[in-house]
Amino acid sequence: MKHSIAIGLLSTTLFLAGGAAAQEMVFTSWGGTTQDAQKTYWADAFASESNIAVTQDGPTDYGKIKAMVEAGSVTWDVVDVEGDYAVQAGNAGLLEKLDFSVIDKSKLDPRFVTEYSVGSFYYSFVIGCNKDAVEACPKTWADLFDSQKFPGKRTFYKWSAPGVIEAALLADGVPADKLYPLDLDRAFKKLDTIKADIVWWDSGAQSQQLLASAETPFGSFWNGRLTALAETGVTVETSWTNNITAADSLVVPRGAKNKDVAMKFIAQATSDSAQAQFATATGYAPINLESNMLMDSDLRNSLPDMQADTQVNADMSYWAEHRDEIGTRWYAWQAK
C-alpha cells in the first residue's frame, strides 16, 4: 500500500523545547495525512512524555526492510506495514517478537495481534460515489461491477492487496463466509467484465481526486478518504454493504538498534487515548478496544468498527501465505 504516499518524504526529528532528547528512535510509515496524524498523536506525544526524540522516515519499503535486516544494519525502529506483510515477515524471521510485558495486548483487537505485530489502525474498503455526478449510486459490489446499470469509469486500488479480489468474488455471488481460499480464476473472470472501465488509484490522495473530479464517479475506497473528501464539500455517498476490512500493523525489524524504546513507542501508539485521537483525525478505526469510549458518539458511528452487520474480514494469514503468487498473477493481468 499505500495510504497517501507523499512525494518527497518527511524526515523530521522532534526535539523537546529546551534541548535535544537524550535518546532517538525512527518511526517509518507511508507519508501523507496518515503519517501526519501518526506524528502528531503518537510520535509527538511519545517524545513529550519520554524525552526520546522520534525521527520520521518513509515511505515504508518492504525490500528495504529485508535488505537492512540481512545486512545487519537496521536504521528503522518501528514501521507501519500492511497486516498481511506483518504476518509474512514475522514468519520469515525479519521481525522482532514484541514485548507484551510492555505492550498491553489485552486491550487490543485480537484480530490484529500476532507475536510480531499489533494493529496500527484498521480501515474498510467501501463503495464511494460522487452523488452530484450521477443519477444513481451503486450500493453493493454487484452494482459496482454492473457496467450496464451503472455505466462509466470506476476506480479500484492498484496494488495487489486484500480488497479488490474479495470485492470481485462478492460481486459474483460468493457468500462472505465462503471467500477463502480465494477462487482466483473466478475473481479475474469477474474483473475482466469491467476491466476496460477501471481507472486504478495508487494512493489515497489520487482516489479522492478521481472521485472529486468525477473522472470516476464511483469506486472502491478506503473509508477514511471518503470521510475527508466529504469535509471538503464534495457530496459523497458511502455504502458500507459488505465493507471489507484490512489493517495496518506496527512492527520492529529484527536487529533494530532501539528495540526497547520501540516497544515503549508501540505501547503509547496503541493506547486508548492515542488511538482515539488518531481515529478522530483520520476516520480510520482504532485497534484499542477502549478507545471508542473516548470518542464522540457521532464520529464513532462513522467508523468501520461500527459497521459490523455485513462486514467482511480479509484473511491476513491467507494473504500472507499467498501474497507473492497472487501478486505475480495480479500484475500480469493488469499488464495485458
# chains A, B, ... in the order shown; residues from 1 in each chain; ligands from 1
>>> select_by_dssp(residues="region 133-249 of chain A", states="helix (DSSP H, G or I)", output="PyMOL selection string")
chain A and resi 133+141-144+164-171+176-178+184-192+195-197+204-212+223-230
>>> closest_atom_pairs(of="region 178-242 of chain A", to="region 325-335 of chain A", cutoff="12 Å", atoms="only C-alpha atoms", output="CSV")
residue,atom,partner,partner_atom,distance
A:Pro181,CA,A:Ile326,CA,11.9
A:Leu182,CA,A:Ile326,CA,9.8
A:Asp183,CA,A:Ile326,CA,10.9
A:Leu184,CA,A:Ile326,CA,8.2
A:Asp185,CA,A:Arg329,CA,10.3
A:Ala187,CA,A:Trp330,CA,10.7
A:Phe188,CA,A:Trp333,CA,8.1
A:Lys189,CA,A:Trp333,CA,10.6
A:Leu191,CA,A:Trp333,CA,9.8
A:Asp192,CA,A:Trp333,CA,9.3
A:Lys195,CA,A:Gln334,CA,8.7
A:Ala196,CA,A:Gln334,CA,10.7
A:Ile198,CA,A:Gln334,CA,10.4
A:Val199,CA,A:Gln334,CA,11.1
A:Trp200,CA,A:Gln334,CA,9.8
>>> closest_residue(among="A:Thr75, A:Ser317, A:Asn130, A:Asn292", to="Leu210 (chain A)", atoms="only C-alpha atoms")
A:Asn130
>>> residues_around(residues="Thr216 (chain A)", least_positions_apart="4", cutoff="12 Å", atoms="only C-alpha atoms", output="ChimeraX atom specification")
/A:128-131,133-134,137,144,150-156,197-201,206-212,220-221
>>> write_last_selection(atoms="C-alpha atoms", output="PDB file, in the first residue's frame")
ATOM      1  CA  GLY A 128     -17.951   5.594  -2.672  1.00  0.00           C
ATOM      2  CA  CYS A 129     -19.932   7.731  -5.080  1.00  0.00           C
ATOM      3  CA  ASN A 130     -19.992  11.394  -6.145  1.00  0.00           C
ATOM      4  CA  LYS A 131     -23.745  11.937  -5.899  1.00  0.00           C
ATOM      5  CA  ALA A 133     -22.098  13.397 -10.904  1.00  0.00           C
ATOM      6  CA  VAL A 134     -24.547  10.527 -11.459  1.00  0.00           C
ATOM      7  CA  CYS A 137     -25.064   5.438  -6.860  1.00  0.00           C
ATOM      8  CA  LEU A 144     -20.192  -1.598  -8.848  1.00  0.00           C
ATOM      9  CA  PHE A 150     -24.018   1.915 -13.713  1.00  0.00           C
ATOM     10  CA  PRO A 151     -22.153   2.922 -16.873  1.00  0.00           C
ATOM     11  CA  GLY A 152     -18.911   4.854 -16.845  1.00  0.00           C
ATOM     12  CA  LYS A 153     -15.473   4.622 -15.302  1.00  0.00           C
ATOM     13  CA  ARG A 154     -14.978   3.237 -11.820  1.00  0.00           C
ATOM     14  CA  THR A 155     -11.851   3.170  -9.673  1.00  0.00           C
ATOM     15  CA  PHE A 156     -10.107   0.465  -7.668  1.00  0.00           C
ATOM     16  CA  ASP A 197     -13.820   0.758 -17.316  1.00  0.00           C
ATOM     17  CA  ILE A 198     -11.330   0.614 -14.426  1.00  0.00           C
ATOM     18  CA  VAL A 199      -9.107   3.553 -13.512  1.00  0.00           C
ATOM     19  CA  TRP A 200      -6.573   2.460 -10.920  1.00  0.00           C
ATOM     20  CA  TRP A 201      -5.637   4.576  -7.902  1.00  0.00           C
ATOM     21  CA  GLN A 206      -5.364  10.055  -6.038  1.00  0.00           C
ATOM     22  CA  SER A 207      -8.545   8.182  -5.150  1.00  0.00           C
ATOM     23  CA  GLN A 208     -10.003  11.401  -3.756  1.00  0.00           C
ATOM     24  CA  GLN A 209      -9.039  13.374  -6.848  1.00  0.00           C
ATOM     25  CA  LEU A 210     -10.662  10.824  -9.151  1.00  0.00           C
ATOM     26  CA  LEU A 211     -13.929  10.967  -7.217  1.00  0.00           C
ATOM     27  CA  ALA A 212     -13.998  14.725  -6.678  1.00  0.00           C
ATOM     28  CA  SER A 220     -13.794   1.273  -4.085  1.00  0.00           C
ATOM     29  CA  PHE A 221     -12.094   3.463  -1.482  1.00  0.00           C
TER      30      PHE A 221
END
>>> select_by_dssp(residues="region 94-149 of chain A", states="strand (DSSP E or B)", output="PyMOL selection string")
chain A and resi 95+108+113-114+117-130
>>> write_last_selection(atoms="all heavy atoms", output="compact mmCIF listing (two decimals), in the first residue's frame")
# COMPACT_ATOMS: atom_id res chain seq x y z
N LEU A 95 11.38 -9.90 11.70
CA LEU A 95 10.86 -9.02 12.73
C LEU A 95 11.24 -9.49 14.13
O LEU A 95 11.44 -10.69 14.36
CB LEU A 95 9.34 -8.94 12.63
CG LEU A 95 8.75 -8.52 11.29
CD1 LEU A 95 7.23 -8.58 11.36
CD2 LEU A 95 9.23 -7.13 10.87
N LEU A 108 -6.25 -4.73 23.07
CA LEU A 108 -6.18 -4.57 21.62
C LEU A 108 -7.05 -5.60 20.90
O LEU A 108 -7.23 -6.72 21.37
CB LEU A 108 -4.73 -4.70 21.15
CG LEU A 108 -3.72 -3.77 21.85
CD1 LEU A 108 -2.34 -3.96 21.25
CD2 LEU A 108 -4.16 -2.32 21.78
N VAL A 113 -3.48 -8.88 16.27
CA VAL A 113 -2.35 -9.10 17.16
C VAL A 113 -1.69 -10.43 16.81
O VAL A 113 -2.35 -11.46 16.73
CB VAL A 113 -2.80 -9.11 18.64
CG1 VAL A 113 -1.61 -9.46 19.54
CG2 VAL A 113 -3.41 -7.78 19.04
N THR A 114 -0.37 -10.39 16.59
CA THR A 114 0.44 -11.60 16.46
C THR A 114 1.64 -11.44 17.39
O THR A 114 1.82 -10.39 18.01
CB THR A 114 0.94 -11.83 15.02
OG1 THR A 114 2.03 -10.91 14.75
CG2 THR A 114 -0.17 -11.60 14.00
N SER A 117 3.53 -8.48 15.80
CA SER A 117 2.88 -7.24 15.36
C SER A 117 1.61 -6.97 16.14
O SER A 117 0.99 -7.89 16.70
CB SER A 117 2.52 -7.35 13.86
OG SER A 117 1.56 -8.37 13.63
N VAL A 118 1.24 -5.70 16.17
CA VAL A 118 -0.08 -5.30 16.66
C VAL A 118 -0.66 -4.33 15.65
O VAL A 118 0.06 -3.70 14.87
CB VAL A 118 -0.01 -4.62 18.05
CG1 VAL A 118 0.41 -5.61 19.12
CG2 VAL A 118 0.91 -3.41 18.03
N GLY A 119 -1.98 -4.22 15.64
CA GLY A 119 -2.61 -3.32 14.70
C GLY A 119 -2.16 -1.88 14.91
O GLY A 119 -1.90 -1.44 16.03
N SER A 120 -2.07 -1.16 13.81
CA SER A 120 -1.79 0.28 13.84
C SER A 120 -3.13 1.02 13.83
O SER A 120 -3.38 1.90 14.63
CB SER A 120 -0.93 0.66 12.63
OG SER A 120 -0.73 2.03 12.53
N PHE A 121 -3.97 0.64 12.90
CA PHE A 121 -5.35 1.11 12.78
C PHE A 121 -6.00 0.19 11.77
O PHE A 121 -5.32 -0.56 11.08
CB PHE A 121 -5.41 2.57 12.28
CG PHE A 121 -4.73 2.79 10.96
CD1 PHE A 121 -5.42 2.66 9.76
CD2 PHE A 121 -3.39 3.13 10.90
CE1 PHE A 121 -4.80 2.85 8.54
CE2 PHE A 121 -2.75 3.33 9.68
CZ PHE A 121 -3.46 3.19 8.50
N TYR A 122 -7.32 0.20 11.71
CA TYR A 122 -7.91 -0.59 10.64
C TYR A 122 -8.94 0.22 9.89
O TYR A 122 -9.45 1.22 10.35
CB TYR A 122 -8.43 -1.93 11.14
CG TYR A 122 -9.84 -2.07 11.64
CD1 TYR A 122 -10.86 -2.42 10.77
CD2 TYR A 122 -10.14 -1.94 12.99
CE1 TYR A 122 -12.16 -2.60 11.24
CE2 TYR A 122 -11.42 -2.14 13.47
CZ TYR A 122 -12.43 -2.47 12.58
OH TYR A 122 -13.71 -2.66 13.04
N TYR A 123 -9.17 -0.23 8.67
CA TYR A 123 -9.97 0.52 7.72
C TYR A 123 -10.82 -0.45 6.92
O TYR A 123 -10.64 -1.68 6.99
CB TYR A 123 -9.05 1.32 6.77
CG TYR A 123 -8.01 0.48 6.08
CD1 TYR A 123 -8.25 -0.08 4.83
CD2 TYR A 123 -6.77 0.24 6.68
CE1 TYR A 123 -7.29 -0.87 4.21
CE2 TYR A 123 -5.81 -0.53 6.06
CZ TYR A 123 -6.07 -1.09 4.83
OH TYR A 123 -5.12 -1.87 4.22
N SER A 124 -11.72 0.11 6.18
CA SER A 124 -12.57 -0.71 5.31
C SER A 124 -12.50 -0.20 3.89
O SER A 124 -12.44 1.02 3.65
CB SER A 124 -14.03 -0.67 5.77
OG SER A 124 -14.24 -1.43 6.92
N PHE A 125 -12.50 -1.13 2.96
CA PHE A 125 -12.80 -0.79 1.57
C PHE A 125 -14.32 -0.69 1.46
O PHE A 125 -15.04 -1.63 1.80
CB PHE A 125 -12.29 -1.87 0.61
CG PHE A 125 -10.80 -1.80 0.35
CD1 PHE A 125 -9.93 -2.64 1.03
CD2 PHE A 125 -10.29 -0.90 -0.56
CE1 PHE A 125 -8.58 -2.58 0.81
CE2 PHE A 125 -8.92 -0.83 -0.80
CZ PHE A 125 -8.06 -1.67 -0.11
N VAL A 126 -14.78 0.48 1.04
CA VAL A 126 -16.21 0.74 0.90
C VAL A 126 -16.49 1.26 -0.50
O VAL A 126 -15.58 1.62 -1.24
CB VAL A 126 -16.69 1.76 1.95
CG1 VAL A 126 -16.55 1.20 3.36
CG2 VAL A 126 -15.93 3.08 1.82
N ILE A 127 -17.76 1.31 -0.84
CA ILE A 127 -18.16 1.85 -2.15
C ILE A 127 -18.46 3.34 -1.98
O ILE A 127 -19.30 3.72 -1.16
CB ILE A 127 -19.40 1.11 -2.68
CG1 ILE A 127 -19.09 -0.38 -2.85
CG2 ILE A 127 -19.86 1.73 -4.01
CD1 ILE A 127 -20.33 -1.24 -3.01
N GLY A 128 -17.76 4.15 -2.73
CA GLY A 128 -17.95 5.59 -2.67
C GLY A 128 -18.50 6.11 -3.98
O GLY A 128 -18.23 5.57 -5.05
N CYS A 129 -19.28 7.19 -3.89
CA CYS A 129 -19.93 7.73 -5.08
C CYS A 129 -20.04 9.25 -4.96
O CYS A 129 -20.35 9.78 -3.88
CB CYS A 129 -21.32 7.11 -5.23
SG CYS A 129 -22.32 7.75 -6.59
N ASN A 130 -19.77 9.95 -6.05
CA ASN A 130 -19.99 11.39 -6.15
C ASN A 130 -21.44 11.60 -6.58
O ASN A 130 -21.76 11.50 -7.76
CB ASN A 130 -19.01 12.01 -7.14
CG ASN A 130 -19.11 13.52 -7.21
OD1 ASN A 130 -20.16 14.10 -6.94
ND2 ASN A 130 -18.01 14.16 -7.59
>>> closest_residue(among="A:Ile287, A:Met306, A:Ile103, A:Val252", to="Ala89 (chain A)", atoms="only C-alpha atoms")
A:Val252
>>> closest_residue(among="A:Ser73, A:Ser29, A:Trp141, A:Ala274", to="Gly163 (chain A)", atoms="only C-alpha atoms")
A:Trp141
>>> atom_distance(atom1="CA of Ala47 (chain A)", atom2="CA of Asp260 (chain A)")
14.7 Å
>>> closest_residue(among="A:Met316, A:Val251, A:Val102, A:Ala71", to="Tyr116 (chain A)", atoms="only C-alpha atoms")
A:Val251
>>> atom_distance(atom1="CA of Thr282 (chain A)", atom2="CA of Ala228 (chain A)")
7.5 Å
>>> residues_around(residues="Met68 (chain A)", least_positions_apart="3", cutoff="12 Å", atoms="only C-alpha atoms", output="PDB file with all heavy atoms, in the first residue's frame")
ATOM      1  N   ASP A  61       9.014   0.506   2.926  1.00  0.00           N
ATOM      2  CA  ASP A  61       9.561  -0.214   1.776  1.00  0.00           C
ATOM      3  C   ASP A  61       9.960  -1.608   2.254  1.00  0.00           C
ATOM      4  O   ASP A  61      10.893  -1.760   3.031  1.00  0.00           O
ATOM      5  CB  ASP A  61      10.764   0.553   1.223  1.00  0.00           C
ATOM      6  CG  ASP A  61      11.361  -0.073  -0.028  1.00  0.00           C
ATOM      7  OD1 ASP A  61      11.428  -1.315  -0.104  1.00  0.00           O
ATOM      8  OD2 ASP A  61      11.789   0.684  -0.923  1.00  0.00           O
ATOM      9  N   TYR A  62       9.239  -2.629   1.786  1.00  0.00           N
ATOM     10  CA  TYR A  62       9.489  -3.981   2.268  1.00  0.00           C
ATOM     11  C   TYR A  62      10.848  -4.512   1.811  1.00  0.00           C
ATOM     12  O   TYR A  62      11.514  -5.242   2.542  1.00  0.00           O
ATOM     13  CB  TYR A  62       8.368  -4.913   1.799  1.00  0.00           C
ATOM     14  CG  TYR A  62       6.995  -4.498   2.289  1.00  0.00           C
ATOM     15  CD1 TYR A  62       5.860  -4.730   1.521  1.00  0.00           C
ATOM     16  CD2 TYR A  62       6.842  -3.863   3.516  1.00  0.00           C
ATOM     17  CE1 TYR A  62       4.604  -4.344   1.967  1.00  0.00           C
ATOM     18  CE2 TYR A  62       5.591  -3.479   3.968  1.00  0.00           C
ATOM     19  CZ  TYR A  62       4.473  -3.721   3.192  1.00  0.00           C
ATOM     20  OH  TYR A  62       3.237  -3.331   3.632  1.00  0.00           O
ATOM     21  N   GLY A  63      11.254  -4.144   0.608  1.00  0.00           N
ATOM     22  CA  GLY A  63      12.574  -4.557   0.135  1.00  0.00           C
ATOM     23  C   GLY A  63      13.679  -3.973   1.001  1.00  0.00           C
ATOM     24  O   GLY A  63      14.687  -4.636   1.283  1.00  0.00           O
ATOM     25  N   LYS A  64      13.486  -2.742   1.448  1.00  0.00           N
ATOM     26  CA  LYS A  64      14.477  -2.096   2.302  1.00  0.00           C
ATOM     27  C   LYS A  64      14.546  -2.758   3.668  1.00  0.00           C
ATOM     28  O   LYS A  64      15.628  -2.932   4.235  1.00  0.00           O
ATOM     29  CB  LYS A  64      14.157  -0.611   2.441  1.00  0.00           C
ATOM     30  CG  LYS A  64      15.216   0.178   3.186  1.00  0.00           C
ATOM     31  CD  LYS A  64      14.940   1.673   3.134  1.00  0.00           C
ATOM     32  CE  LYS A  64      16.018   2.466   3.868  1.00  0.00           C
ATOM     33  NZ  LYS A  64      15.799   3.929   3.766  1.00  0.00           N
ATOM     34  N   ILE A  65      13.396  -3.141   4.220  1.00  0.00           N
ATOM     35  CA  ILE A  65      13.401  -3.849   5.500  1.00  0.00           C
ATOM     36  C   ILE A  65      14.224  -5.131   5.388  1.00  0.00           C
ATOM     37  O   ILE A  65      15.093  -5.408   6.222  1.00  0.00           O
ATOM     38  CB  ILE A  65      11.965  -4.175   5.956  1.00  0.00           C
ATOM     39  CG1 ILE A  65      11.200  -2.889   6.308  1.00  0.00           C
ATOM     40  CG2 ILE A  65      11.986  -5.122   7.165  1.00  0.00           C
ATOM     41  CD1 ILE A  65       9.726  -3.108   6.616  1.00  0.00           C
ATOM     42  N   ALA A  71      21.597  -7.301   6.085  1.00  0.00           N
ATOM     43  CA  ALA A  71      22.912  -6.660   6.174  1.00  0.00           C
ATOM     44  C   ALA A  71      23.330  -6.393   7.610  1.00  0.00           C
ATOM     45  O   ALA A  71      24.472  -6.008   7.883  1.00  0.00           O
ATOM     46  CB  ALA A  71      22.912  -5.354   5.391  1.00  0.00           C
ATOM     47  N   GLY A  72      22.405  -6.587   8.560  1.00  0.00           N
ATOM     48  CA  GLY A  72      22.695  -6.298   9.950  1.00  0.00           C
ATOM     49  C   GLY A  72      22.880  -4.825  10.216  1.00  0.00           C
ATOM     50  O   GLY A  72      23.610  -4.425  11.130  1.00  0.00           O
ATOM     51  N   SER A  73      22.211  -4.003   9.411  1.00  0.00           N
ATOM     52  CA  SER A  73      22.331  -2.545   9.544  1.00  0.00           C
ATOM     53  C   SER A  73      20.939  -1.930   9.488  1.00  0.00           C
ATOM     54  O   SER A  73      20.539  -1.340   8.480  1.00  0.00           O
ATOM     55  CB  SER A  73      23.221  -1.981   8.428  1.00  0.00           C
ATOM     56  OG  SER A  73      23.358  -0.580   8.553  1.00  0.00           O
ATOM     57  N   VAL A  74      20.193  -2.081  10.567  1.00  0.00           N
ATOM     58  CA  VAL A  74      18.795  -1.648  10.615  1.00  0.00           C
ATOM     59  C   VAL A  74      18.717  -0.226  11.164  1.00  0.00           C
ATOM     60  O   VAL A  74      19.168   0.038  12.281  1.00  0.00           O
ATOM     61  CB  VAL A  74      17.954  -2.612  11.488  1.00  0.00           C
ATOM     62  CG1 VAL A  74      16.513  -2.132  11.578  1.00  0.00           C
ATOM     63  CG2 VAL A  74      18.014  -4.026  10.914  1.00  0.00           C
ATOM     64  N   THR A  75      18.143   0.672  10.392  1.00  0.00           N
ATOM     65  CA  THR A  75      18.028   2.073  10.809  1.00  0.00           C
ATOM     66  C   THR A  75      16.604   2.464  11.183  1.00  0.00           C
ATOM     67  O   THR A  75      16.380   3.579  11.638  1.00  0.00           O
ATOM     68  CB  THR A  75      18.525   3.008   9.692  1.00  0.00           C
ATOM     69  OG1 THR A  75      17.753   2.787   8.498  1.00  0.00           O
ATOM     70  CG2 THR A  75      20.001   2.769   9.394  1.00  0.00           C
ATOM     71  N   TRP A  76      15.636   1.581  10.983  1.00  0.00           N
ATOM     72  CA  TRP A  76      14.252   1.836  11.360  1.00  0.00           C
ATOM     73  C   TRP A  76      13.939   1.061  12.632  1.00  0.00           C
ATOM     74  O   TRP A  76      14.337  -0.096  12.774  1.00  0.00           O
ATOM     75  CB  TRP A  76      13.295   1.403  10.258  1.00  0.00           C
ATOM     76  CG  TRP A  76      13.377   2.237   8.995  1.00  0.00           C
ATOM     77  CD1 TRP A  76      14.006   3.429   8.849  1.00  0.00           C
ATOM     78  CD2 TRP A  76      12.805   1.913   7.727  1.00  0.00           C
ATOM     79  NE1 TRP A  76      13.863   3.886   7.548  1.00  0.00           N
ATOM     80  CE2 TRP A  76      13.125   2.984   6.847  1.00  0.00           C
ATOM     81  CE3 TRP A  76      12.054   0.858   7.240  1.00  0.00           C
ATOM     82  CZ2 TRP A  76      12.712   3.003   5.502  1.00  0.00           C
ATOM     83  CZ3 TRP A  76      11.644   0.859   5.911  1.00  0.00           C
ATOM     84  CH2 TRP A  76      11.968   1.930   5.061  1.00  0.00           C
ATOM     85  N   ASP A  77      13.212   1.699  13.534  1.00  0.00           N
ATOM     86  CA  ASP A  77      12.878   1.051  14.803  1.00  0.00           C
ATOM     87  C   ASP A  77      11.446   0.534  14.849  1.00  0.00           C
ATOM     88  O   ASP A  77      11.194  -0.583  15.292  1.00  0.00           O
ATOM     89  CB  ASP A  77      13.116   2.029  15.951  1.00  0.00           C
ATOM     90  CG  ASP A  77      14.582   2.404  16.077  1.00  0.00           C
ATOM     91  OD1 ASP A  77      15.417   1.492  16.166  1.00  0.00           O
ATOM     92  OD2 ASP A  77      14.888   3.612  16.060  1.00  0.00           O
ATOM     93  N   LEU A  94      12.063 -11.757   9.827  1.00  0.00           N
ATOM     94  CA  LEU A  94      12.518 -10.385   9.588  1.00  0.00           C
ATOM     95  C   LEU A  94      12.146  -9.426  10.707  1.00  0.00           C
ATOM     96  O   LEU A  94      12.545  -8.254  10.674  1.00  0.00           O
ATOM     97  CB  LEU A  94      11.930  -9.868   8.264  1.00  0.00           C
ATOM     98  CG  LEU A  94      12.357 -10.608   6.997  1.00  0.00           C
ATOM     99  CD1 LEU A  94      11.620 -10.036   5.782  1.00  0.00           C
ATOM    100  CD2 LEU A  94      13.868 -10.514   6.803  1.00  0.00           C
ATOM    101  N   LEU A  95      11.383  -9.904  11.702  1.00  0.00           N
ATOM    102  CA  LEU A  95      10.864  -9.018  12.735  1.00  0.00           C
ATOM    103  C   LEU A  95      11.243  -9.494  14.132  1.00  0.00           C
ATOM    104  O   LEU A  95      11.443 -10.693  14.362  1.00  0.00           O
ATOM    105  CB  LEU A  95       9.338  -8.936  12.632  1.00  0.00           C
ATOM    106  CG  LEU A  95       8.748  -8.517  11.291  1.00  0.00           C
ATOM    107  CD1 LEU A  95       7.227  -8.578  11.358  1.00  0.00           C
ATOM    108  CD2 LEU A  95       9.225  -7.132  10.875  1.00  0.00           C
ATOM    109  N   PRO A 253      11.673  -4.158  13.007  1.00  0.00           N
ATOM    110  CA  PRO A 253      12.580  -5.002  12.215  1.00  0.00           C
ATOM    111  C   PRO A 253      13.612  -5.702  13.100  1.00  0.00           C
ATOM    112  O   PRO A 253      14.087  -5.130  14.093  1.00  0.00           O
ATOM    113  CB  PRO A 253      13.260  -3.994  11.276  1.00  0.00           C
ATOM    114  CG  PRO A 253      12.310  -2.841  11.187  1.00  0.00           C
ATOM    115  CD  PRO A 253      11.684  -2.759  12.556  1.00  0.00           C
ATOM    116  N   ARG A 254      13.946  -6.927  12.759  1.00  0.00           N
ATOM    117  CA  ARG A 254      14.923  -7.678  13.544  1.00  0.00           C
ATOM    118  C   ARG A 254      16.285  -6.983  13.497  1.00  0.00           C
ATOM    119  O   ARG A 254      16.791  -6.658  12.422  1.00  0.00           O
ATOM    120  CB  ARG A 254      15.039  -9.114  13.016  1.00  0.00           C
ATOM    121  CG  ARG A 254      15.997  -9.982  13.837  1.00  0.00           C
ATOM    122  CD  ARG A 254      15.787 -11.456  13.544  1.00  0.00           C
ATOM    123  NE  ARG A 254      15.998 -11.772  12.139  1.00  0.00           N
ATOM    124  CZ  ARG A 254      17.185 -12.003  11.568  1.00  0.00           C
ATOM    125  NH1 ARG A 254      18.288 -11.932  12.293  1.00  0.00           N
ATOM    126  NH2 ARG A 254      17.263 -12.310  10.298  1.00  0.00           N
ATOM    127  N   GLY A 255      16.841  -6.744  14.664  1.00  0.00           N
ATOM    128  CA  GLY A 255      18.116  -6.047  14.738  1.00  0.00           C
ATOM    129  C   GLY A 255      17.993  -4.552  14.930  1.00  0.00           C
ATOM    130  O   GLY A 255      19.003  -3.827  14.871  1.00  0.00           O
ATOM    131  N   ALA A 256      16.763  -4.070  15.156  1.00  0.00           N
ATOM    132  CA  ALA A 256      16.570  -2.637  15.397  1.00  0.00           C
ATOM    133  C   ALA A 256      17.445  -2.188  16.561  1.00  0.00           C
ATOM    134  O   ALA A 256      17.537  -2.864  17.592  1.00  0.00           O
ATOM    135  CB  ALA A 256      15.104  -2.341  15.696  1.00  0.00           C
ATOM    136  N   LYS A 257      18.091  -1.032  16.393  1.00  0.00           N
ATOM    137  CA  LYS A 257      19.057  -0.561  17.389  1.00  0.00           C
ATOM    138  C   LYS A 257      18.387  -0.099  18.682  1.00  0.00           C
ATOM    139  O   LYS A 257      19.014  -0.063  19.737  1.00  0.00           O
ATOM    140  CB  LYS A 257      19.892   0.574  16.798  1.00  0.00           C
ATOM    141  CG  LYS A 257      20.782   0.153  15.626  1.00  0.00           C
ATOM    142  CD  LYS A 257      21.575   1.319  15.087  1.00  0.00           C
ATOM    143  CE  LYS A 257      22.513   0.892  13.967  1.00  0.00           C
ATOM    144  NZ  LYS A 257      21.801   0.368  12.789  1.00  0.00           N
TER     145      LYS A 257
END
>>> closest_residue(among="A:Ile244, A:Ala167, A:Ile266, A:Val54", to="Leu98 (chain A)", atoms="only C-alpha atoms")
A:Ile266
>>> closest_residue(among="A:Glu215, A:Val81, A:Lys158, A:Asn301", to="Ser203 (chain A)", atoms="only C-alpha atoms")
A:Lys158
>>> residues_around(residues="Ala320 (chain A)", least_positions_apart="3", cutoff="12 Å", atoms="only C-alpha atoms", output="PyMOL selection string")
chain A and resi 82-92+160-162+314-317+323-327
